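Structure data follow from query.txt (compact mmCIF, C-alpha atoms and all ligand atoms):
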# COMPACT_ATOMS: atom_id res chain seq x y z
CA MET A 1 -13.49 22.80 -42.68
CA LYS A 2 -14.98 26.30 -42.95
CA LEU A 3 -13.86 28.39 -45.88
CA VAL A 4 -15.15 31.53 -47.47
CA GLU A 5 -14.29 33.15 -50.74
CA LYS A 6 -11.45 31.28 -52.43
CA ASP A 7 -9.83 33.58 -54.95
CA HIS A 8 -7.62 32.48 -57.86
CA ALA A 9 -5.14 31.44 -55.19
CA TRP A 10 -5.41 31.70 -51.45
CA ILE A 11 -3.79 31.30 -48.07
CA GLU A 12 -5.30 29.02 -45.43
CA LEU A 13 -4.51 29.83 -41.82
CA ASP A 14 -4.43 26.97 -39.36
CA MET A 15 -5.67 28.84 -36.29
CA GLU A 16 -5.28 25.71 -34.19
CA ALA A 17 -1.55 25.81 -35.01
CA LEU A 18 -1.42 29.51 -34.10
CA ARG A 19 -3.08 28.79 -30.75
CA HIS A 20 -0.62 25.97 -30.15
CA ASN A 21 2.35 28.24 -30.95
CA VAL A 22 1.06 30.97 -28.62
CA GLU A 23 0.68 28.42 -25.84
CA PHE A 24 4.14 26.95 -26.45
CA LEU A 25 5.85 30.35 -26.62
CA ARG A 26 4.06 31.49 -23.46
CA SER A 27 5.39 28.41 -21.70
CA ARG A 28 8.92 29.60 -22.61
CA LEU A 29 8.46 33.19 -21.44
CA PRO A 30 10.35 34.22 -18.34
CA GLU A 31 8.39 35.34 -15.28
CA GLY A 32 6.53 38.61 -15.86
CA CYS A 33 7.12 38.62 -19.62
CA GLU A 34 4.19 38.91 -22.04
CA LEU A 35 3.93 38.20 -25.76
CA MET A 36 4.06 41.23 -28.03
CA PRO A 37 3.53 39.53 -31.40
CA ALA A 38 5.14 41.12 -34.45
CA VAL A 39 2.29 41.49 -36.94
CA LYS A 40 4.21 43.77 -39.30
CA ALA A 41 4.28 43.13 -43.05
CA ASN A 42 0.68 41.90 -42.93
CA ALA A 43 1.58 39.48 -40.13
CA TYR A 44 4.49 38.07 -42.15
CA GLY A 45 2.12 37.62 -45.07
CA HIS A 46 -0.45 35.72 -43.01
CA GLY A 47 -2.94 38.61 -42.82
CA ALA A 48 -2.67 41.25 -40.08
CA LEU A 49 -6.37 41.35 -39.25
CA PRO A 50 -7.25 37.66 -39.04
CA VAL A 51 -4.05 37.03 -37.07
CA GLY A 52 -4.42 40.12 -34.86
CA ARG A 53 -8.02 39.30 -34.00
CA GLU A 54 -7.25 35.67 -33.24
CA LEU A 55 -4.34 36.70 -31.00
CA GLU A 56 -6.54 39.17 -29.17
CA SER A 57 -9.08 36.43 -28.52
CA LEU A 58 -6.20 34.45 -26.96
CA GLY A 59 -5.55 37.26 -24.50
CA VAL A 60 -2.70 39.01 -26.31
CA ARG A 61 -2.70 42.67 -25.25
CA ALA A 62 0.24 44.18 -27.13
CA PHE A 63 1.41 44.09 -30.74
CA CYS A 64 4.25 45.52 -32.77
CA VAL A 65 4.24 46.67 -36.39
CA ALA A 66 6.82 48.33 -38.62
CA THR A 67 4.92 51.39 -39.84
CA VAL A 68 2.29 53.83 -38.65
CA HIS A 69 -0.08 52.74 -41.43
CA GLU A 70 0.16 49.12 -40.36
CA GLY A 71 -0.80 50.27 -36.87
CA ALA A 72 -3.73 52.31 -38.17
CA GLU A 73 -4.96 49.32 -40.17
CA LEU A 74 -5.02 47.13 -37.07
CA ARG A 75 -6.95 49.74 -35.10
CA GLN A 76 -9.43 50.27 -37.92
CA GLY A 77 -9.88 46.51 -37.96
CA GLY A 78 -10.90 46.57 -34.30
CA VAL A 79 -7.70 45.54 -32.52
CA LYS A 80 -7.75 47.15 -29.08
CA GLY A 81 -4.41 46.27 -27.48
CA ASP A 82 -1.28 48.40 -27.34
CA ILE A 83 0.32 48.80 -30.78
CA LEU A 84 3.99 49.75 -30.97
CA VAL A 85 5.34 51.14 -34.25
CA LEU A 86 8.92 49.83 -34.36
CA GLY A 87 10.17 51.95 -37.24
CA TYR A 88 10.84 55.61 -38.00
CA THR A 89 7.78 57.80 -38.52
CA HIS A 90 8.14 61.13 -40.29
CA GLU A 91 6.74 64.16 -38.49
CA SER A 92 4.08 64.53 -41.20
CA GLU A 93 2.57 61.20 -40.08
CA LEU A 94 2.64 61.72 -36.32
CA ALA A 95 -1.03 62.78 -36.28
CA LEU A 96 -1.87 59.13 -37.03
CA ILE A 97 -0.05 58.07 -33.87
CA GLU A 98 -2.33 60.36 -31.91
CA GLN A 99 -5.50 59.57 -33.88
CA TYR A 100 -5.15 55.79 -33.55
CA ASP A 101 -3.62 55.75 -30.07
CA LEU A 102 -0.42 54.05 -31.23
CA ILE A 103 2.95 53.99 -29.52
CA GLN A 104 5.80 55.47 -31.55
CA THR A 105 9.41 54.36 -31.31
CA ALA A 106 11.94 57.15 -30.91
CA VAL A 107 14.71 55.83 -33.15
CA ASP A 108 17.32 58.27 -31.76
CA LEU A 109 17.54 61.60 -29.92
CA GLU A 110 16.88 63.67 -33.06
CA HIS A 111 13.72 61.71 -33.73
CA ALA A 112 12.64 62.08 -30.10
CA ARG A 113 12.95 65.88 -30.44
CA LEU A 114 10.71 65.80 -33.53
CA ILE A 115 8.14 63.75 -31.66
CA ASP A 116 8.36 66.23 -28.78
CA ALA A 117 7.87 69.11 -31.23
CA TYR A 118 4.57 67.61 -32.40
CA GLY A 119 3.20 69.52 -29.44
CA LYS A 120 0.86 66.96 -27.93
CA ARG A 121 1.83 64.15 -25.62
CA LEU A 122 2.46 61.00 -27.65
CA ARG A 123 3.16 57.54 -26.27
CA VAL A 124 6.76 56.56 -26.95
CA HIS A 125 9.12 53.62 -26.55
CA LEU A 126 12.78 54.48 -26.80
CA ALA A 127 14.90 52.27 -29.08
CA LEU A 128 18.37 51.63 -27.67
CA ASP A 129 21.25 50.48 -29.85
CA THR A 130 23.30 47.90 -28.01
CA GLY A 131 25.32 46.57 -30.92
CA MET A 132 23.16 45.99 -33.98
CA HIS A 133 23.87 49.53 -35.21
CA ARG A 134 20.57 49.81 -37.02
CA LEU A 135 17.96 51.87 -35.14
CA GLY A 136 18.22 53.15 -31.60
CA GLU A 137 20.04 55.75 -29.56
CA SER A 138 23.36 54.44 -28.37
CA ALA A 139 22.95 52.74 -25.00
CA MET A 140 26.52 53.80 -24.26
CA SER A 141 25.98 57.56 -24.44
CA PRO A 142 24.72 58.66 -20.99
CA ASP A 143 24.82 62.35 -21.94
CA ARG A 144 22.39 61.84 -24.75
CA LEU A 145 20.16 59.43 -22.79
CA GLU A 146 19.77 62.06 -20.10
CA GLN A 147 18.18 64.42 -22.60
CA PHE A 148 15.27 62.10 -23.36
CA CYS A 149 13.92 62.59 -19.87
CA ARG A 150 13.63 66.34 -20.43
CA LEU A 151 11.35 66.11 -23.46
CA LYS A 152 8.03 67.01 -21.88
CA ASN A 153 5.73 65.79 -24.66
CA LEU A 154 7.15 62.28 -24.64
CA ARG A 155 5.04 59.85 -22.66
CA LEU A 156 8.03 57.57 -22.34
CA GLU A 157 6.38 54.26 -21.47
CA GLY A 158 9.06 51.85 -22.54
CA ALA A 159 12.47 51.10 -23.98
CA PHE A 160 13.73 48.24 -26.10
CA THR A 161 16.72 46.90 -27.90
CA HIS A 162 17.07 44.30 -30.65
CA LEU A 163 19.39 41.29 -30.48
CA CYS A 164 21.01 40.73 -33.85
CA THR A 165 22.74 37.35 -33.56
CA GLY A 166 22.07 33.92 -32.12
CA ASP A 167 25.38 34.15 -30.30
CA ARG A 168 25.01 33.70 -26.55
CA ALA A 169 27.99 35.82 -25.53
CA TYR A 170 27.15 38.74 -27.84
CA SER A 171 23.47 38.65 -26.83
CA GLY A 172 24.51 38.63 -23.18
CA GLN A 173 26.60 41.76 -23.75
CA GLN A 174 23.73 43.45 -25.57
CA ALA A 175 21.37 42.58 -22.72
CA GLU A 176 23.81 43.91 -20.14
CA ALA A 177 24.25 47.21 -22.00
CA PHE A 178 20.47 47.47 -22.32
CA ARG A 179 19.81 46.87 -18.63
CA ALA A 180 22.44 49.44 -17.65
CA ALA A 181 20.91 52.07 -19.96
CA VAL A 182 17.39 51.40 -18.64
CA ARG A 183 18.64 51.69 -15.04
CA ALA A 184 20.28 55.02 -15.90
CA LEU A 185 17.11 56.34 -17.54
CA ARG A 186 15.03 55.35 -14.53
CA ARG A 187 17.51 56.99 -12.14
CA GLN A 188 17.05 60.21 -14.07
CA GLY A 189 13.31 59.99 -13.58
CA CYS A 190 12.21 58.46 -16.92
CA PRO A 191 9.20 56.28 -16.06
CA ILE A 192 10.22 53.29 -18.22
CA LYS A 193 7.49 50.77 -17.39
CA LYS A 194 8.19 48.26 -20.14
CA ALA A 195 11.68 47.14 -21.14
CA HIS A 196 12.01 44.49 -23.85
CA LEU A 197 14.68 42.82 -25.94
CA LEU A 198 13.75 39.27 -26.99
CA SER A 199 12.46 38.29 -30.43
CA SER A 200 12.00 34.74 -31.78
CA THR A 201 15.63 33.64 -31.58
CA GLY A 202 15.96 35.14 -28.11
CA ILE A 203 12.89 33.48 -26.69
CA LEU A 204 13.92 30.09 -28.06
CA LYS A 205 17.64 30.29 -27.23
CA PHE A 206 18.04 32.52 -24.18
CA PRO A 207 14.70 33.30 -22.53
CA GLU A 208 16.57 33.98 -19.29
CA LEU A 209 17.50 37.41 -20.67
CA GLY A 210 13.97 38.35 -19.61
CA GLY A 211 12.14 41.62 -20.18
CA ASP A 212 8.50 42.71 -19.96
CA TYR A 213 7.63 41.72 -23.53
CA ALA A 214 8.87 39.20 -26.09
CA ARG A 215 8.43 40.62 -29.61
CA VAL A 216 7.89 37.31 -31.33
CA GLY A 217 7.45 37.17 -35.10
CA ILE A 218 8.61 34.24 -37.20
CA ALA A 219 8.27 31.66 -34.40
CA LEU A 220 4.66 32.61 -33.81
CA TYR A 221 3.94 31.60 -37.40
CA GLY A 222 5.54 28.24 -36.70
CA LEU A 223 8.73 28.78 -38.66
CA GLY A 224 12.43 29.23 -38.12
CA SER A 225 14.22 31.53 -40.51
CA THR A 226 16.08 28.48 -41.83
CA ARG A 227 15.52 24.74 -41.56
CA GLU A 228 18.39 24.59 -39.02
CA GLU A 229 16.55 27.06 -36.80
CA LYS A 230 13.27 25.17 -37.00
CA ASP A 231 11.86 24.28 -33.57
CA ARG A 232 9.97 20.99 -33.62
CA SER A 233 7.49 22.22 -31.02
CA LEU A 234 6.14 24.88 -33.38
CA ARG A 235 3.59 24.30 -36.13
CA PRO A 236 3.44 26.21 -39.42
CA VAL A 237 0.27 28.29 -39.62
CA LEU A 238 0.15 29.02 -43.33
CA SER A 239 -0.71 26.96 -46.40
CA LEU A 240 -0.78 28.36 -49.93
CA LYS A 241 -3.08 26.94 -52.59
CA ALA A 242 -4.10 27.58 -56.17
CA ARG A 243 -6.10 25.82 -58.86
CA VAL A 244 -5.40 24.07 -62.10
CA ALA A 245 -6.61 26.42 -64.84
CA SER A 246 -5.90 24.08 -67.74
CA VAL A 247 -4.23 20.78 -68.57
CA ARG A 248 -2.47 20.40 -71.91
CA GLU A 249 -0.40 17.87 -73.79
CA ILE A 250 2.71 18.79 -75.68
CA LYS A 251 4.77 16.74 -78.08
CA LYS A 252 8.35 15.62 -77.64
CA GLY A 253 10.66 18.51 -78.61
CA GLN A 254 8.08 21.28 -78.11
CA GLY A 255 8.76 24.09 -75.67
CA ALA A 256 6.47 25.90 -73.23
CA GLY A 257 6.30 29.23 -71.42
CA TYR A 258 8.37 32.40 -71.84
CA GLY A 259 11.58 31.80 -73.75
CA LEU A 260 10.36 28.22 -74.27
CA ARG A 261 12.53 27.45 -71.28
CA TYR A 262 10.66 24.18 -70.72
CA ARG A 263 11.47 21.58 -73.36
CA ALA A 264 9.61 18.29 -73.55
CA GLU A 265 12.09 15.42 -73.72
CA GLN A 266 9.17 13.05 -74.28
CA ASP A 267 5.52 13.66 -75.02
CA ALA A 268 4.49 15.49 -71.88
CA CYS A 269 1.56 16.89 -69.97
CA LEU A 270 1.54 20.31 -68.31
CA ALA A 271 -0.89 21.84 -65.83
CA VAL A 272 -1.28 25.61 -65.65
CA LEU A 273 -1.75 26.97 -62.11
CA THR A 274 -3.59 30.16 -61.15
CA ILE A 275 -0.69 31.75 -59.31
CA GLY A 276 2.50 33.54 -60.29
CA TYR A 277 5.30 35.76 -59.13
CA ALA A 278 2.92 38.66 -58.52
CA ASP A 279 1.51 36.51 -55.72
CA GLY A 280 4.95 36.13 -54.18
CA LEU A 281 6.12 32.92 -55.80
CA PRO A 282 9.86 33.61 -56.30
CA ARG A 283 10.83 33.41 -59.95
CA ALA A 284 13.95 31.60 -58.75
CA LEU A 285 11.75 28.50 -58.32
CA SER A 286 11.33 28.28 -62.12
CA CYS A 287 12.52 25.29 -64.17
CA GLY A 288 12.31 22.67 -61.44
CA GLY A 289 13.71 24.87 -58.65
CA GLY A 290 10.42 24.23 -56.87
CA GLY A 291 7.33 22.13 -57.21
CA VAL A 292 3.76 21.75 -56.02
CA LEU A 293 1.49 18.98 -54.77
CA LEU A 294 -1.40 17.71 -56.87
CA GLY A 295 -3.41 14.75 -55.62
CA GLY A 296 -0.74 14.20 -52.97
CA GLN A 297 2.08 13.90 -55.50
CA TYR A 298 4.92 16.22 -56.45
CA ALA A 299 4.84 18.10 -59.74
CA PRO A 300 7.96 20.15 -60.61
CA ILE A 301 7.62 23.67 -61.94
CA ALA A 302 8.07 23.66 -65.72
CA GLY A 303 9.82 26.59 -67.38
CA MET A 304 9.66 30.17 -66.18
CA ILE A 305 7.12 31.27 -63.58
CA CYS A 306 4.87 33.99 -65.06
CA MET A 307 3.27 36.93 -63.29
CA ASP A 308 -0.12 35.22 -62.85
CA GLN A 309 0.44 31.66 -64.02
CA THR A 310 2.81 28.81 -63.36
CA LEU A 311 3.29 25.67 -65.45
CA VAL A 312 3.97 22.36 -63.72
CA ASP A 313 4.93 19.05 -65.27
CA VAL A 314 2.19 16.48 -64.64
CA THR A 315 3.31 13.89 -67.18
CA ALA A 316 3.54 11.36 -64.36
CA LEU A 317 0.20 12.42 -62.81
CA PRO A 318 -2.57 11.42 -65.26
CA HIS A 319 -5.32 12.09 -62.69
CA VAL A 320 -4.87 15.90 -62.72
CA ARG A 321 -7.91 17.84 -63.96
CA GLN A 322 -8.91 21.46 -64.52
CA GLY A 323 -10.18 22.94 -61.24
CA ASP A 324 -8.05 20.71 -59.00
CA GLU A 325 -6.44 22.22 -55.91
CA ALA A 326 -2.66 22.53 -55.95
CA VAL A 327 -0.70 23.00 -52.74
CA LEU A 328 2.29 25.32 -53.07
CA ILE A 329 3.11 25.49 -49.36
CA GLY A 330 1.65 22.93 -46.99
CA CYS A 331 0.63 19.28 -46.92
CA GLN A 332 -1.44 17.17 -49.25
CA GLY A 333 -1.81 13.47 -48.58
CA GLU A 334 1.50 12.23 -47.23
CA ARG A 335 3.62 14.95 -48.77
CA THR A 336 4.70 18.44 -47.76
CA VAL A 337 6.19 21.40 -49.56
CA SER A 338 7.47 23.91 -47.03
CA ALA A 339 8.54 27.53 -46.84
CA TYR A 340 12.01 26.07 -46.14
CA ASP A 341 12.02 24.38 -49.58
CA TRP A 342 11.16 27.68 -51.22
CA ALA A 343 13.66 29.65 -49.18
CA GLU A 344 16.49 27.26 -49.98
CA ALA A 345 15.69 27.23 -53.70
CA ALA A 346 15.49 31.03 -53.76
CA GLY A 347 18.58 31.59 -51.61
CA THR A 348 16.76 33.38 -48.83
CA ILE A 349 15.03 32.90 -45.45
CA THR A 350 11.43 31.92 -44.75
CA ASN A 351 10.75 35.41 -43.35
CA GLU A 352 11.20 36.89 -46.82
CA ILE A 353 9.18 34.14 -48.50
CA VAL A 354 6.06 34.53 -46.35
CA SER A 355 6.21 38.30 -45.93
CA ARG A 356 6.22 38.77 -49.69
CA LEU A 357 3.07 36.71 -50.31
CA GLY A 358 0.87 39.03 -52.33
CA THR A 359 -2.04 41.21 -51.35
CA ARG A 360 -4.38 39.67 -53.91
CA LEU A 361 -4.35 36.33 -52.11
CA ALA A 362 -7.37 35.80 -49.88
CA ARG A 363 -6.51 34.92 -46.26
CA LEU A 364 -8.92 32.27 -45.00
CA SER A 365 -9.22 30.59 -41.63
CA LYS A 366 -9.17 26.85 -41.73
CA GLU A 367 -10.98 25.27 -38.80
CA ALA A 368 -10.57 21.53 -38.51
C1 LIG B 1 10.66 42.14 -36.82
C2 LIG B 1 11.13 42.46 -35.47
C3 LIG B 1 10.91 41.56 -34.43
C4 LIG B 1 10.38 40.15 -34.64
O1 LIG B 1 11.46 39.37 -35.11
P1 LIG B 1 11.36 37.78 -35.30
O2 LIG B 1 12.77 37.36 -35.51
O3 LIG B 1 10.52 37.52 -36.49
O4 LIG B 1 10.77 37.21 -34.05
C5 LIG B 1 11.25 41.97 -33.16
N1 LIG B 1 11.79 43.19 -32.93
C6 LIG B 1 12.05 44.05 -33.92
C7 LIG B 1 12.66 45.38 -33.60
C8 LIG B 1 11.74 43.72 -35.23
O5 LIG B 1 12.00 44.59 -36.22
As structure tokens, the full file:
Amino acid sequence: MKLVEKDHAWIELDMEALRHNVEFLRSRLPEGCELMPAVKANAYGHGALPVGRELESLGVRAFCVATVHEGAELRQGGVKGDILVLGYTHESELALIEQYDLIQTAVDLEHARLIDAYGKRLRVHLALDTGMHRLGESAMSPDRLEQFCRLKNLRLEGAFTHLCTGDRAYSGQQAEAFRAAVRALRRQGCPIKKAHLLSSTGILKFPELGGDYARVGIALYGLGSTREEKDRSLRPVLSLKARVASVREIKKGQGAGYGLRYRAEQDACLAVLTIGYADGLPRALSCGGGGVLLGGQYAPIAGMICMDQTLVDVTALPHVRQGDEAVLIGCQGERTVSAYDWAEAAGTITNEIVSRLGTRLARLSKEA
């Protein structure tokens, strides 16, 4: 195993798992459809550059991000493929689209006019709203769609919509509205080369809806948003680890941590870990809501999670020593703690858990 530079706490990326997921997802893609991985939010917390570079080495030629700065960061890091910015970009930032050869989404007709007014030809994909009612020009307004084709500074290379449920009938209606709008745009002379609509749920549940790209995020990282949506063919890419900073004994009746929220019912032993909520550990995992692995065994979180430290109860684990590695997400020995465990304890989805993992964690590639 090759590792560089372990910080106080760190993320290990299983690149073999990422390669496996890419291969599996490609096998599900409909004819003519390419992966356009979503590497926004620092590749869902995994690290935009290590993930982007690995994907490029696997032949991925298009990426999507949420913001113009995320796109610029990928370019500066040497990523060469197409990079689509999915979100709104203010006119004051459009120079970065030009400078880094990014593709900007026009989130509606008003935004398209601002992009046109930038004065130089920028690459654009048009977002079409087919029922999510978030971003996108309404696919059902032919009068407004017509006007996109007249904006001379838009290099309109593509159009996309976003499916917002796992419901087959609703997704089918969205896809139908999308295809009709793209046909109308093309009839009016808009050179829409790339039309895309599938994300993770779509590619796993209804790949037949097709498109030129699949904008796959959470599935690429080997996760479903919830345990129910987990696909057994995918492998989690990320593990999260920290170290034992100190081991200490406390007497029956003594408390520990902020508010003394941990209370020792017997003489007890606590280990202090080098990770806290500033690293993305949800404070909702405090007081036994979550736990970690030490020497292959489970140690529940004791008391309130702090910003940079977390106490765990190791009374039953006498082998634990200062400097030991603790696994917060991942496997150790026979046992696993997963992003699903965290998400369930914190009342959220895995997407939020991994995308909020902090910037001060090192992202390291683990090669078997
Ligand atoms: C984030 C995002 C995706 C990726 O979604 P997953 O469910 O993680 O696959 C695709 N398209 C758009 C517009 C997004 O915002």
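One finds atom CA of Gly78 of chain A at 23.8 Å from atom CA of Arg26 of chain A.
Nearest to Glu56 of chain A of all the residues A:Val337, A:Ala41, A:Cys190, A:Val22 is A:Val22, counting all atoms listed in the file.
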task: Please write out the residues within 8 Å of ligand LIG 1 (chain B) as a VMD selection string, counting all atoms listed in the file.
output: chain A and resid 37 to 38 40 64 to 66 86 to 87 161 to 162 197 to 201 214 to 220 225 351
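The space between atom CA of Ile301 of chain A and atom CA of Gly333 of chain A spans 19.3 Å.
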field: Nearest residue to Arg283 of chain A from the set A:Val314, A:Val320, A:Ala62, A:Ala343 (distances using all atoms listed in the file)
entry: A:Ala343
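Nearest-residue note for Val182 of chain A: choosing from A:Asp129, A:Glu208, A:Glu229, A:Glu325, the minimum distance belongs to A:Asp129, counting all atoms listed in the file.
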message: If we count only C-alpha atoms and set the cut-off at 8 Å, which residues sit around Arg121 of chain A, ignoring sequence neighbours fewer than 4 positions away in its own chain? Please answer as a VMD selection string.
response: chain A and resid 116 152 to 155
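The coordinates place atom CA of Arg19 of chain A at 14.9 Å from atom CA of Arg61 of chain A.
The closest residue to Arg183 of chain A, picked from A:Ala139, A:Glu228, A:Leu163, A:Glu34 and counting all atoms listed in the file, is A:Ala139.
Nearest to Gln174 of chain A of all the residues A:His111, A:His133, A:Lys205, A:Lys366 is A:His133, counting all atoms listed in the file.
Proximity ranking of A:Val107, A:Gly119, A:Ala159, A:Glu98 relative to Arg134 of chain A places A:Val107 first, based on only C-alpha atoms.
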